[in-house]
file my_file_14.txt (compact mmCIF, C-alpha atoms and all ligand atoms)
# COMPACT_ATOMS: atom_id res chain seq x y z
CA MET A 128 24.69 80.58 57.53
CA PRO A 129 23.99 76.97 58.62
CA THR A 130 20.34 76.03 58.87
CA TYR A 131 18.82 75.22 62.21
CA ASP A 132 15.60 73.38 62.90
CA PHE A 133 13.47 75.28 65.38
CA ASP A 134 10.29 73.75 63.95
CA THR A 135 10.69 70.24 65.36
CA PRO A 136 10.04 70.37 69.09
CA PRO A 137 12.20 68.19 71.36
CA ASP A 138 10.22 65.64 73.37
CA ARG A 139 10.39 67.38 76.73
CA GLY A 140 8.27 64.64 78.30
CA ARG A 141 11.36 62.37 78.31
CA PHE A 142 12.92 64.30 81.20
CA HIS A 143 11.61 66.35 84.08
CA SER A 144 11.29 70.09 83.64
CA MET A 145 9.59 72.81 85.65
CA LYS A 146 7.73 74.00 82.57
CA TRP A 147 6.22 70.71 81.40
CA ASP A 148 5.87 68.88 84.73
CA ARG A 149 3.27 71.51 85.69
CA VAL A 150 0.97 70.27 82.87
CA ALA A 151 1.92 66.56 83.00
CA GLY A 152 -0.97 64.25 82.18
CA THR A 153 -3.01 67.02 80.48
CA ASP A 154 -3.00 68.45 76.97
CA VAL A 155 -2.47 72.00 78.30
CA LEU A 156 0.33 73.86 76.50
CA PRO A 157 2.86 75.32 78.97
CA MET A 158 3.67 78.84 77.81
CA TRP A 159 4.77 80.15 81.19
CA VAL A 160 8.25 79.92 82.84
CA ALA A 161 11.02 81.50 80.75
CA ASP A 162 12.85 78.67 79.08
CA MET A 163 12.48 77.69 75.44
CA ASP A 164 11.43 74.42 73.85
CA PHE A 165 14.60 74.31 71.73
CA ALA A 166 17.77 72.27 72.20
CA ALA A 167 20.82 74.38 73.03
CA PRO A 168 23.35 74.99 70.20
CA ALA A 169 25.25 71.89 69.03
CA GLU A 170 28.59 73.47 70.01
CA VAL A 171 27.40 73.92 73.60
CA LEU A 172 26.15 70.34 73.77
CA ALA A 173 29.42 69.04 72.28
CA ALA A 174 31.48 70.90 74.89
CA LEU A 175 29.31 69.46 77.66
CA ARG A 176 29.58 65.92 76.23
CA GLU A 177 33.36 66.19 76.05
CA HIS A 178 33.50 67.22 79.68
CA ILE A 179 31.11 64.46 80.77
CA ASP A 180 33.14 61.90 78.81
CA HIS A 181 36.24 62.98 80.70
CA GLY A 182 34.26 61.94 83.74
CA VAL A 183 35.64 64.19 86.47
CA LEU A 184 33.20 66.80 87.74
CA GLY A 185 35.08 68.59 90.48
CA TYR A 186 35.12 72.27 91.46
CA ALA A 187 36.14 74.81 88.85
CA LEU A 188 37.59 78.31 89.07
CA PRO A 189 37.15 80.82 86.26
CA TRP A 190 39.85 80.14 83.66
CA PRO A 191 41.26 82.72 81.23
CA GLY A 192 39.59 81.18 78.14
CA LEU A 193 36.17 81.37 79.81
CA LEU A 194 36.61 85.01 80.79
CA ASP A 195 37.98 85.87 77.33
CA ALA A 196 34.95 84.26 75.69
CA ILE A 197 32.63 86.45 77.79
CA VAL A 198 34.69 89.60 77.16
CA GLU A 199 34.82 88.94 73.39
CA GLY A 200 31.12 88.01 73.30
CA LEU A 201 30.05 91.26 74.99
CA ALA A 202 32.27 93.31 72.64
CA ARG A 203 30.95 91.47 69.56
CA ASP A 204 27.26 91.42 70.50
CA HIS A 205 26.85 94.73 72.35
CA GLY A 206 29.96 96.78 71.58
CA TRP A 207 30.73 96.76 75.32
CA ARG A 208 34.41 96.57 76.23
CA ILE A 209 35.03 95.21 79.69
CA ASP A 210 38.06 94.02 81.60
CA PRO A 211 38.04 90.31 82.55
CA ASP A 212 38.83 91.34 86.14
CA TRP A 213 35.42 93.01 86.37
CA ILE A 214 33.61 89.66 86.03
CA VAL A 215 32.26 87.95 89.16
CA LEU A 216 30.84 84.50 88.44
CA LEU A 217 27.51 83.72 90.09
CA PRO A 218 25.19 80.71 90.12
CA GLY A 219 22.26 82.91 89.05
CA VAL A 220 21.08 86.38 88.21
CA VAL A 221 18.45 86.21 90.97
CA THR A 222 21.30 85.57 93.40
CA GLY A 223 23.01 88.63 91.91
CA PHE A 224 20.18 91.09 92.48
CA ASN A 225 19.56 89.76 95.99
CA LEU A 226 23.24 90.38 96.76
CA ALA A 227 22.94 93.86 95.27
CA CYS A 228 20.01 94.62 97.58
CA ALA A 229 22.20 93.66 100.54
CA LEU A 230 24.69 96.32 99.38
CA ALA A 231 22.02 99.02 99.10
CA GLY A 232 22.48 101.01 102.30
CA GLU A 233 21.05 99.70 105.55
CA PRO A 234 17.92 97.78 106.58
CA ASP A 235 14.80 99.90 105.95
CA ASP A 236 16.49 101.78 103.12
CA GLU A 237 14.66 101.79 99.79
CA VAL A 238 15.16 100.06 96.47
CA LEU A 239 13.36 101.60 93.51
CA THR A 240 12.18 99.51 90.59
CA LEU A 241 10.02 99.90 87.50
CA THR A 242 6.91 97.72 87.55
CA PRO A 243 5.44 95.39 86.43
CA VAL A 244 8.59 93.32 86.65
CA TYR A 245 10.06 89.81 86.98
CA PRO A 246 8.56 88.60 90.31
CA PRO A 247 11.79 87.78 92.22
CA MET A 248 12.73 91.46 91.87
CA LEU A 249 9.65 92.37 93.86
CA THR A 250 10.71 90.19 96.78
CA ALA A 251 14.51 90.71 96.70
CA PRO A 252 14.52 93.94 98.76
CA ARG A 253 12.44 92.30 101.50
CA ASN A 254 14.86 89.34 101.64
CA THR A 255 17.52 91.73 102.88
CA LYS A 256 15.17 93.90 104.95
CA ARG A 257 15.11 96.73 102.44
CA ARG A 258 11.88 98.36 101.27
CA LEU A 259 10.63 98.03 97.72
CA VAL A 260 9.39 101.20 96.05
CA ARG A 261 7.60 100.71 92.72
CA SER A 262 7.17 103.14 89.90
CA ASP A 263 4.74 101.87 87.27
CA LEU A 264 5.81 101.99 83.63
CA VAL A 265 3.11 103.76 81.60
CA HIS A 266 1.83 103.12 78.09
CA ASP A 267 2.48 106.19 75.93
CA GLY A 268 0.29 104.96 73.06
CA ALA A 269 3.12 103.06 71.36
CA ARG A 270 5.17 101.43 74.10
CA TRP A 271 5.66 101.08 77.84
CA VAL A 272 7.92 103.85 79.16
CA CYS A 273 9.23 105.06 82.48
CA ASP A 274 7.31 107.96 84.00
CA MET A 275 10.30 110.03 85.11
CA ASP A 276 8.12 112.44 87.11
CA ASP A 277 6.71 109.53 89.07
CA LEU A 278 10.20 108.07 89.59
CA ARG A 279 11.41 111.43 90.92
CA ALA A 280 8.39 111.75 93.20
CA ARG A 281 9.02 108.30 94.68
CA THR A 282 12.71 108.88 95.35
CA THR A 283 13.34 109.80 98.98
CA SER A 284 16.30 110.44 101.25
CA ARG A 285 16.23 106.67 102.02
CA THR A 286 16.44 105.52 98.40
CA ARG A 287 19.73 103.70 97.84
CA MET A 288 19.36 101.68 94.67
CA LEU A 289 17.67 101.69 91.28
CA MET A 290 17.01 98.14 90.15
CA LEU A 291 16.52 97.81 86.39
CA CYS A 292 15.41 94.98 84.18
CA SER A 293 16.89 95.81 80.80
CA PRO A 294 15.70 94.46 78.36
CA HIS A 295 12.49 94.39 80.31
CA ASN A 296 10.67 91.27 81.40
CA PRO A 297 7.65 91.16 81.06
CA LEU A 298 7.14 94.24 78.85
CA GLY A 299 9.59 93.19 76.15
CA ARG A 300 11.19 96.64 75.97
CA SER A 301 14.75 97.27 74.79
CA PHE A 302 15.38 100.70 76.28
CA SER A 303 16.89 103.44 74.11
CA ARG A 304 20.07 105.32 74.93
CA ASP A 305 17.99 108.38 75.91
CA GLU A 306 15.77 106.38 78.23
CA LEU A 307 18.77 104.75 79.92
CA ALA A 308 20.60 108.07 80.15
CA ALA A 309 17.61 109.62 81.94
CA LEU A 310 17.49 106.74 84.42
CA ALA A 311 21.25 106.87 84.96
CA ALA A 312 21.16 110.65 85.45
CA HIS A 313 18.48 110.15 88.09
CA ALA A 314 20.69 107.59 89.85
CA GLU A 315 23.63 110.01 89.75
CA ALA A 316 21.56 112.91 91.03
CA HIS A 317 20.50 110.87 94.09
CA ASP A 318 23.74 108.91 94.48
CA LEU A 319 21.99 105.59 93.87
CA LEU A 320 23.60 102.27 93.20
CA ILE A 321 22.29 100.77 89.94
CA CYS A 322 21.64 97.06 89.67
CA SER A 323 20.85 96.25 86.06
CA ASP A 324 19.53 92.78 85.25
CA GLU A 325 20.46 92.35 81.59
CA ILE A 326 19.85 88.61 81.35
CA HIS A 327 17.73 89.07 78.20
CA CYS A 328 20.34 91.20 76.38
CA GLY A 329 21.05 88.54 73.74
CA LEU A 330 17.39 88.40 72.75
CA VAL A 331 16.73 91.76 71.11
CA LEU A 332 14.34 91.16 68.22
CA ASP A 333 13.96 94.75 67.03
CA GLU A 334 17.20 95.53 65.22
CA SER A 335 16.53 99.26 65.41
CA ARG A 336 16.74 99.05 69.23
CA PRO A 337 20.02 97.26 70.04
CA HIS A 338 20.79 96.44 73.64
CA ILE A 339 22.78 99.11 75.44
CA PRO A 340 24.32 98.07 78.77
CA VAL A 341 23.54 100.93 81.14
CA ALA A 342 27.11 100.69 82.48
CA SER A 343 28.43 101.43 78.99
CA LEU A 344 26.97 104.96 79.07
CA SER A 345 29.98 106.39 80.90
CA GLU A 346 32.76 105.38 83.28
CA ALA A 347 31.03 107.29 86.05
CA ILE A 348 27.79 105.35 85.55
CA ALA A 349 29.74 102.09 85.37
CA ARG A 350 31.33 102.82 88.75
CA ARG A 351 27.92 102.80 90.45
CA THR A 352 26.55 99.83 88.52
CA ILE A 353 26.32 96.09 89.06
CA THR A 354 25.40 94.57 85.70
CA LEU A 355 23.99 91.04 85.79
CA MET A 356 24.18 88.83 82.73
CA ALA A 357 24.05 85.15 81.83
CA PRO A 358 24.09 82.89 78.79
CA SER A 359 21.04 81.10 80.19
CA LYS A 360 18.12 82.76 78.37
CA THR A 361 19.78 83.35 75.02
CA TRP A 362 21.24 79.85 74.61
CA ASN A 363 18.56 78.07 76.63
CA ILE A 364 20.79 76.64 79.35
CA ALA A 365 18.96 78.07 82.39
CA GLY A 366 19.15 74.75 84.29
CA LEU A 367 22.96 74.93 84.33
CA SER A 368 23.06 77.78 86.88
CA SER A 369 25.70 79.98 85.30
CA ALA A 370 25.58 83.76 85.46
CA PHE A 371 27.93 86.63 86.21
CA ALA A 372 28.10 90.20 87.41
CA VAL A 373 30.20 92.86 85.71
CA VAL A 374 31.42 95.47 88.20
CA SER A 375 34.10 97.93 87.12
CA ASP A 376 34.56 99.55 90.53
CA ALA A 377 37.05 97.54 92.59
CA LYS A 378 35.52 98.51 95.95
CA LEU A 379 31.97 97.66 94.87
CA ARG A 380 33.21 94.39 93.37
CA ALA A 381 34.99 93.47 96.61
CA SER A 382 31.81 94.22 98.60
CA LEU A 383 29.79 92.01 96.28
CA LYS A 384 32.27 89.15 96.68
CA ARG A 385 32.42 89.59 100.44
CA THR A 386 28.62 89.50 100.73
CA ALA A 387 28.49 86.33 98.63
CA ASP A 388 31.27 84.56 100.58
CA GLY A 389 30.06 81.46 102.38
CA ILE A 390 26.44 81.94 101.33
CA VAL A 391 26.52 81.77 97.55
CA PRO A 392 27.73 78.42 96.19
CA HIS A 393 30.42 77.88 93.56
CA THR A 394 29.28 78.12 90.00
CA ASN A 395 28.40 74.78 88.42
CA SER A 396 31.41 73.52 86.46
CA LEU A 397 29.27 72.24 83.57
CA GLY A 398 27.55 75.63 83.47
CA LEU A 399 30.93 77.29 83.00
CA VAL A 400 31.87 74.89 80.18
CA ALA A 401 28.56 75.69 78.48
CA THR A 402 29.06 79.42 79.08
CA GLU A 403 32.42 79.45 77.32
CA ALA A 404 31.06 77.48 74.37
CA ALA A 405 27.95 79.66 74.09
CA TYR A 406 29.83 82.98 74.01
CA ARG A 407 32.57 81.60 71.78
CA HIS A 408 30.54 79.57 69.28
CA GLY A 409 26.85 80.40 69.75
CA HIS A 410 26.71 83.49 67.57
CA THR A 411 25.21 82.08 64.34
CA TRP A 412 22.73 79.95 66.28
CA ARG A 413 21.65 83.07 68.16
CA ARG A 414 21.09 85.00 64.93
CA ALA A 415 18.98 82.17 63.54
CA LEU A 416 17.05 81.94 66.81
CA LEU A 417 16.29 85.67 66.68
CA ASP A 418 14.92 85.31 63.13
CA TYR A 419 12.66 82.50 64.27
CA LEU A 420 11.48 84.39 67.35
CA ARG A 421 10.76 87.47 65.19
CA GLY A 422 8.45 85.27 63.11
CA ASN A 423 6.72 84.06 66.27
CA ALA A 424 6.37 87.60 67.59
CA GLU A 425 4.76 88.72 64.33
CA ARG A 426 2.32 85.82 64.52
CA ILE A 427 1.28 87.00 67.98
CA GLN A 428 0.78 90.60 66.82
CA GLN A 429 -1.37 89.50 63.87
CA THR A 430 -3.50 87.05 65.84
CA VAL A 431 -3.99 89.14 68.97
CA SER A 432 -5.08 92.16 66.91
CA ASN A 433 -8.09 90.04 65.88
CA ILE A 434 -9.05 88.91 69.39
CA ALA A 435 -11.67 91.13 71.01
CA GLY A 436 -10.73 91.98 74.59
CA ILE A 437 -6.96 91.34 74.34
CA THR A 438 -4.29 93.79 73.26
CA THR A 439 -0.51 93.61 73.22
CA THR A 440 2.52 95.71 72.28
CA PRO A 441 5.35 94.81 69.87
CA VAL A 442 8.03 92.71 71.55
CA GLU A 443 11.35 94.51 71.11
CA ALA A 444 13.28 91.90 73.13
CA THR A 445 12.77 88.57 74.94
CA TYR A 446 10.52 85.68 73.88
CA LEU A 447 7.77 86.91 76.17
CA ALA A 448 4.61 88.72 75.07
CA TRP A 449 2.59 90.77 77.53
CA LEU A 450 -1.13 90.40 76.93
CA ASP A 451 -3.52 92.99 78.32
CA CYS A 452 -6.70 91.02 79.09
CA ARG A 453 -8.29 93.58 81.39
CA ALA A 454 -11.14 94.29 78.96
CA LEU A 455 -12.25 90.66 79.27
CA GLN A 456 -13.00 91.37 82.95
CA PHE A 457 -12.17 87.83 84.05
CA ASP A 458 -11.64 87.30 87.78
CA ASN A 459 -8.86 84.83 87.10
CA PRO A 460 -7.58 85.03 83.51
CA VAL A 461 -4.70 82.60 84.06
CA ARG A 462 -7.12 79.91 85.27
CA HIS A 463 -9.58 80.61 82.44
CA PHE A 464 -7.01 80.19 79.68
CA ALA A 465 -5.45 77.15 81.39
CA GLU A 466 -8.91 75.56 81.46
CA HIS A 467 -8.98 76.15 77.70
CA GLY A 468 -5.58 74.59 77.12
CA VAL A 469 -2.90 77.29 77.53
CA LEU A 470 -0.97 77.92 80.73
CA MET A 471 0.54 81.42 80.83
CA SER A 472 2.18 83.42 83.64
CA ASP A 473 -0.14 85.45 85.84
CA GLY A 474 0.29 89.22 85.57
CA ARG A 475 -0.53 89.53 89.28
CA ASP A 476 2.82 87.92 90.11
CA PHE A 477 4.54 90.74 88.21
CA GLY A 478 2.40 93.38 89.91
CA ALA A 479 -0.26 93.82 87.17
CA ALA A 480 -3.65 92.11 87.55
CA GLY A 481 -5.52 91.42 84.30
CA PHE A 482 -2.34 90.77 82.28
CA LEU A 483 -0.85 87.48 81.13
CA ARG A 484 2.67 86.72 79.94
CA LEU A 485 2.92 84.39 76.99
CA ASN A 486 6.24 82.56 76.43
CA PHE A 487 6.70 82.14 72.68
CA GLY A 488 10.08 80.38 72.77
CA CYS A 489 8.64 77.33 71.05
CA SER A 490 7.92 75.88 67.62
CA ARG A 491 5.63 77.87 65.34
CA SER A 492 3.15 75.00 65.29
CA MET A 493 2.86 74.96 69.09
CA LEU A 494 2.48 78.73 69.12
CA ASP A 495 -0.24 78.60 66.45
CA GLU A 496 -2.14 75.98 68.43
CA ALA A 497 -1.84 78.10 71.58
CA LEU A 498 -3.03 81.23 69.77
CA GLN A 499 -6.04 79.37 68.39
CA ARG A 500 -6.94 78.19 71.86
CA ILE A 501 -6.47 81.67 73.34
CA SER A 502 -8.61 83.16 70.60
CA ALA A 503 -11.42 80.67 71.18
CA ALA A 504 -11.23 80.99 74.97
CA ALA A 505 -11.39 84.79 74.92
CA SER A 506 -15.01 84.70 73.77
CA LYS A 507 -16.12 82.06 76.28
CA PRO A 508 -17.56 82.91 79.70
CA GLU A 509 -15.41 82.33 82.75
CA SER A 510 -16.39 79.30 84.86
CA HIS A 511 -16.72 79.98 88.58
C1 LIG B 1 14.71 89.24 84.21
C2 LIG B 1 15.15 87.91 84.73
N1 LIG B 1 16.14 87.86 85.63
C3 LIG B 1 16.58 86.69 86.13
C4 LIG B 1 16.03 85.49 85.72
C5 LIG B 1 16.52 84.19 86.29
O1 LIG B 1 17.88 84.21 86.42
P1 LIG B 1 18.68 83.01 87.11
O2 LIG B 1 18.00 81.74 86.71
O3 LIG B 1 20.05 83.16 86.54
O4 LIG B 1 18.64 83.26 88.58
C6 LIG B 1 15.00 85.51 84.77
C7 LIG B 1 14.37 84.25 84.35
O5 LIG B 1 13.34 84.23 83.73
C8 LIG B 1 14.55 86.74 84.26
O6 LIG B 1 13.60 86.82 83.33
call {"tool": "encode", "arguments": {"input": "my_file_14.txt", "output": "structure tokens"}}
result
Amino acid sequence: MPTYDFDTPPDRGRFHSMKWDRVAGTDVLPMWVADMDFAAPAEVLAALREHIDHGVLGYALPWPGLLDAIVEGLARDHGWRIDPDWIVLLPGVVTGFNLACALAGEPDDEVLTLTPVYPPMLTAPRNTKRRLVRSDLVHDGARWVCDMDDLRARTTSRTRMLMLCSPHNPLGRSFSRDELAALAAHAEAHDLLICSDEIHCGLVLDESRPHIPVASLSEAIARRTITLMAPSKTWNIAGLSSAFAVVSDAKLRASLKRTADGIVPHTNSLGLVATEAAYRHGHTWRRALLDYLRGNAERIQQTVSNIAGITTTPVEATYLAWLDCRALQFDNPVRHFAEHGVLMSDGRDFGAAGFLRLNFGCSRSMLDEALQRISAAASKPESH
């Protein structure tokens, strides 16, 4: 396997970025929004350069080689066999789950989701005048799991869709076949559409818990499912706005396309070039990345276990750790840790006050510095 250098951080100060602009002019470490401080794989960058050198950047339509690369990538990485016709290109996964909400029954119907969860999922139902119904994941002593009794109790005659985040952001869960089967059976029993955001599927760290697309459970489940995927998280190309839905049911797929027509823009042509290169050539880079992220995740487990007042759970997938800081009893934990040099995401935005989400998609040295700062700040009083 070629060697890759994840230890030397790129100088992100050279260009604007959401993540680093937020802390510009300070020495605060940005460990918040979900992109990584690593350059994308060389093959992806080479494909982009070739396209730029050609110089023409007009509209693009999906071409067979692009769709084949996705189909082959999903079969190779997740054992999921799909037909290229099932793919609907989208400029983003957030766009995808907002479109899915628009397909979930009528205004005032309900969309069920497992919380805490990626914040745009909490607002998507409202954007299309649907109601959000939340069922909190519970900690069973080892990991965060769905409380099926609670999910059943919250399902009403107006529930139309189950919206999943799988693997789960921010809890870092890679759901097992049994867990997914129980959720899918619930959707079948209540005739719910399933919208499954699987954007983090390429980032499973725990090899004993491989990603299982919920639509791969059976043809019947697939027929009621809109699966959303993208190369953006795994290969760190989120700024290129390239994602896709996989929808096996022709009628559901046509509805999705119709709803998007005229509102959702074309997919970025450079994003598509990068997508093909990532699925076709990004496999060894991804494996090396996962090794590096596993090392980072272990570092977090070791360090956090020695910090009084903070606990966390093993990260099965994603480069995001979920820190339970409730015992510290800070009014504003995100502000406290930012004042001590580490900016994390606020659990309140995900629906869980007292928690912080730490992005560890960065060099080990930056992570170590952040952990030292977090450790020191945990024992300091909060300023008011
Ligand atoms: C679960 C999840 N879905 C969607 C997105 C964003 O997707 P996109 O940028 O393709 O809209 C993110 C980004 O962090 C995410 O974590």
call {"tool": "atom_distance", "arguments": {"input": "my_file_14.txt", "atom1": "atom CA of Ala479 of chain A", "atom2": "atom CA of Thr250 of chain A"}}
result
15.0 Å
call {"tool": "closest_residue", "arguments": {"input": "my_file_14.txt", "among": "A:Asp148, A:Asp276, A:Glu346, A:Glu233", "to": "Trp207 of chain A", "atoms": "all atoms listed in the file"}}
result
A:Glu346
call {"tool": "residues_around", "arguments": {"input": "my_file_14.txt", "residues": "Ala372 of chain A", "least_positions_apart": "3", "cutoff": "7 Å", "atoms": "only C-alpha atoms", "output": "VMD selection string"}}
result
chain A and resid 214 to 216 223 353 to 356
call {"tool": "residues_around", "arguments": {"input": "my_file_14.txt", "residues": "Pro189 of chain A", "least_positions_apart": "2", "cutoff": "12 Å", "atoms": "only C-alpha atoms", "output": "VMD selection string"}}
result
chain A and resid 186 to 187 191 to 197 211 to 212 214 to 217 369 to 371 393 to 400 402 to 403
call {"tool": "closest_atom_pairs", "arguments": {"input": "my_file_14.txt", "of": "segment 265-311 of chain A", "to": "segment 447-456 of chain A", "cutoff": "9 Å", "atoms": "only C-alpha atoms", "output": "Markdown table"}}
result
| residue | atom | partner | partner_atom | distance |
| --- | --- | --- | --- | --- |
| A:Asn296 | CA | A:Leu447 | CA | 7.4 |
| A:Pro297 | CA | A:Trp449 | CA | 6.2 |
| A:Leu298 | CA | A:Trp449 | CA | 5.9 |
| A:Gly299 | CA | A:Leu447 | CA | 6.5 |
call {"tool": "closest_residue", "arguments": {"input": "my_file_14.txt", "among": "A:Arg139, A:Arg484, A:His313, A:His410", "to": "ligand LIG 1 (chain B)", "atoms": "only C-alpha atoms and all ligand atoms"}}
result
A:Arg484
call {"tool": "atom_distance", "arguments": {"input": "my_file_14.txt", "atom1": "atom O6 of ligand LIG 1 (chain B)", "atom2": "atom CA of Asp138 of chain A"}}
result
23.6 Å
call {"tool": "closest_residue", "arguments": {"input": "my_file_14.txt", "among": "A:Met248, A:Ala381, A:Val442, A:Ala308", "to": "ligand LIG 1 (chain B)", "atoms": "all atoms listed in the file"}}
result
A:Met248
call {"tool": "residues_near_ligand", "arguments": {"input": "my_file_14.txt", "ligand": "ligand LIG 1 (chain B)", "cutoff": "7 Å", "atoms": "only C-alpha atoms and all ligand atoms", "output": "PyMOL selection string"}}
result
chain A and resi 160-161+218-222+245+292+295-296+324+326-327+357+359+365+368-370
call {"tool": "residues_near_point", "arguments": {"input": "my_file_14.txt", "point": "(23.1, 74.9, 60.2)", "cutoff": "12 Å", "atoms": "all atoms listed in the file", "output": "ChimeraX atom specification"}}
result
/A:128-133,168-170,409-416
call {"tool": "write_last_selection", "arguments": {"input": "my_file_14.txt", "atoms": "C-alpha atoms", "output": "PDB file, in the frame of the given file"}}
result
ATOM      1  CA  MET A 128      24.690  80.580  57.530  1.00  0.00           C
ATOM      2  CA  PRO A 129      23.990  76.970  58.620  1.00  0.00           C
ATOM      3  CA  THR A 130      20.340  76.030  58.870  1.00  0.00           C
ATOM      4  CA  TYR A 131      18.820  75.220  62.210  1.00  0.00           C
ATOM      5  CA  ASP A 132      15.600  73.380  62.900  1.00  0.00           C
ATOM      6  CA  PHE A 133      13.470  75.280  65.380  1.00  0.00           C
ATOM      7  CA  PRO A 168      23.350  74.990  70.200  1.00  0.00           C
ATOM      8  CA  ALA A 169      25.250  71.890  69.030  1.00  0.00           C
ATOM      9  CA  GLU A 170      28.590  73.470  70.010  1.00  0.00           C
ATOM     10  CA  GLY A 409      26.850  80.400  69.750  1.00  0.00           C
ATOM     11  CA  HIS A 410      26.710  83.490  67.570  1.00  0.00           C
ATOM     12  CA  THR A 411      25.210  82.080  64.340  1.00  0.00           C
ATOM     13  CA  TRP A 412      22.730  79.950  66.280  1.00  0.00           C
ATOM     14  CA  ARG A 413      21.650  83.070  68.160  1.00  0.00           C
ATOM     15  CA  ARG A 414      21.090  85.000  64.930  1.00  0.00           C
ATOM     16  CA  ALA A 415      18.980  82.170  63.540  1.00  0.00           C
ATOM     17  CA  LEU A 416      17.050  81.940  66.810  1.00  0.00           C
TER      18      LEU A 416
END
call {"tool": "residues_around", "arguments": {"input": "my_file_14.txt", "residues": "Arg300 of chain A", "least_positions_apart": "6", "cutoff": "6 Å", "atoms": "only C-alpha atoms", "output": "tab-separated table (two decimals) with C-alpha atoms, keeping the file's coordinate frame"}}
result
chain	number	residue	atom	x	y	z
A	294	PRO	CA	15.70	94.46	78.36
A	443	GLU	CA	11.35	94.51	71.11
A	444	ALA	CA	13.28	91.90	73.13
call {"tool": "closest_residue", "arguments": {"input": "my_file_14.txt", "among": "A:Ile390, A:Leu383, A:Val260, A:Ala504", "to": "Asp236 of chain A", "atoms": "all atoms listed in the file"}}
result
A:Val260
call {"tool": "closest_residue", "arguments": {"input": "my_file_14.txt", "among": "A:Pro136, A:Pro252, A:Pro358, A:Pro247", "to": "Gly200 of chain A", "atoms": "all atoms listed in the file"}}
result
A:Pro358
call {"tool": "atom_distance", "arguments": {"input": "my_file_14.txt", "atom1": "atom CA of Leu332 of chain A", "atom2": "atom CA of Pro441 of chain A"}}
result
9.8 Å
call {"tool": "closest_residue", "arguments": {"input": "my_file_14.txt", "among": "A:Glu509, A:Asp458, A:Asp164, A:Asp333", "to": "Phe487 of chain A", "atoms": "all atoms listed in the file"}}
result
A:Asp164
call {"tool": "residues_around", "arguments": {"input": "my_file_14.txt", "residues": "segment 459-461 of chain A", "least_positions_apart": "5", "cutoff": "9 Å", "atoms": "all atoms listed in the file", "output": "list in words"}}
result
Cys452, Arg453, Glu466, Val469, Leu470, Met471, Ser472, Asp473, Gly474, Ala480, Gly481, Phe482, Leu483 and Glu509 of chain A
call {"tool": "decode", "arguments": {"input": "my_file_14.txt", "residues": "segment 366-405 of chain A", "atoms": "C-alpha atoms", "output": "short mmCIF file (atom, residue, chain, number, x, y, z; two decimals), in the first residue's frame"}}
result
data_model
loop_
_atom_site.label_atom_id
_atom_site.label_comp_id
_atom_site.auth_asym_id
_atom_site.auth_seq_id
_atom_site.Cartn_x
_atom_site.Cartn_y
_atom_site.Cartn_z
CA GLY A 366 -17.01 22.13 -1.11
CA LEU A 367 -17.57 20.59 -4.56
CA SER A 368 -21.31 20.04 -4.00
CA SER A 369 -21.68 16.54 -5.38
CA ALA A 370 -24.08 14.00 -3.92
CA PHE A 371 -26.65 11.51 -5.14
CA ALA A 372 -29.77 9.63 -4.19
CA VAL A 373 -30.26 5.94 -4.88
CA VAL A 374 -33.94 5.11 -5.43
CA SER A 375 -34.86 1.70 -6.84
CA ASP A 376 -38.58 2.40 -7.19
CA ALA A 377 -39.26 4.11 -10.53
CA LYS A 378 -42.34 6.00 -9.27
CA LEU A 379 -40.59 7.30 -6.16
CA ARG A 380 -37.56 8.26 -8.27
CA ALA A 381 -39.76 10.17 -10.73
CA SER A 382 -41.44 12.03 -7.84
CA LEU A 383 -38.06 12.98 -6.44
CA LYS A 384 -36.91 14.30 -9.81
CA ARG A 385 -40.17 16.17 -10.36
CA THR A 386 -39.93 17.85 -6.95
CA ALA A 387 -36.34 18.90 -7.66
CA ASP A 388 -37.12 20.26 -11.15
CA GLY A 389 -36.53 23.99 -11.45
CA ILE A 390 -35.60 24.39 -7.78
CA VAL A 391 -32.52 22.24 -7.35
CA PRO A 392 -29.56 23.34 -9.47
CA HIS A 393 -27.45 21.14 -11.74
CA THR A 394 -24.65 19.29 -10.06
CA ASN A 395 -21.29 21.05 -10.22
CA SER A 396 -19.31 19.65 -13.16
CA LEU A 397 -16.03 19.64 -11.22
CA GLY A 398 -17.81 17.84 -8.39
CA LEU A 399 -18.80 15.10 -10.81
CA VAL A 400 -15.23 14.76 -12.12
CA ALA A 401 -14.01 14.44 -8.53
CA THR A 402 -16.79 11.96 -7.72
CA GLU A 403 -15.78 9.62 -10.53
CA ALA A 404 -12.11 9.78 -9.55
CA ALA A 405 -12.88 9.25 -5.85
#
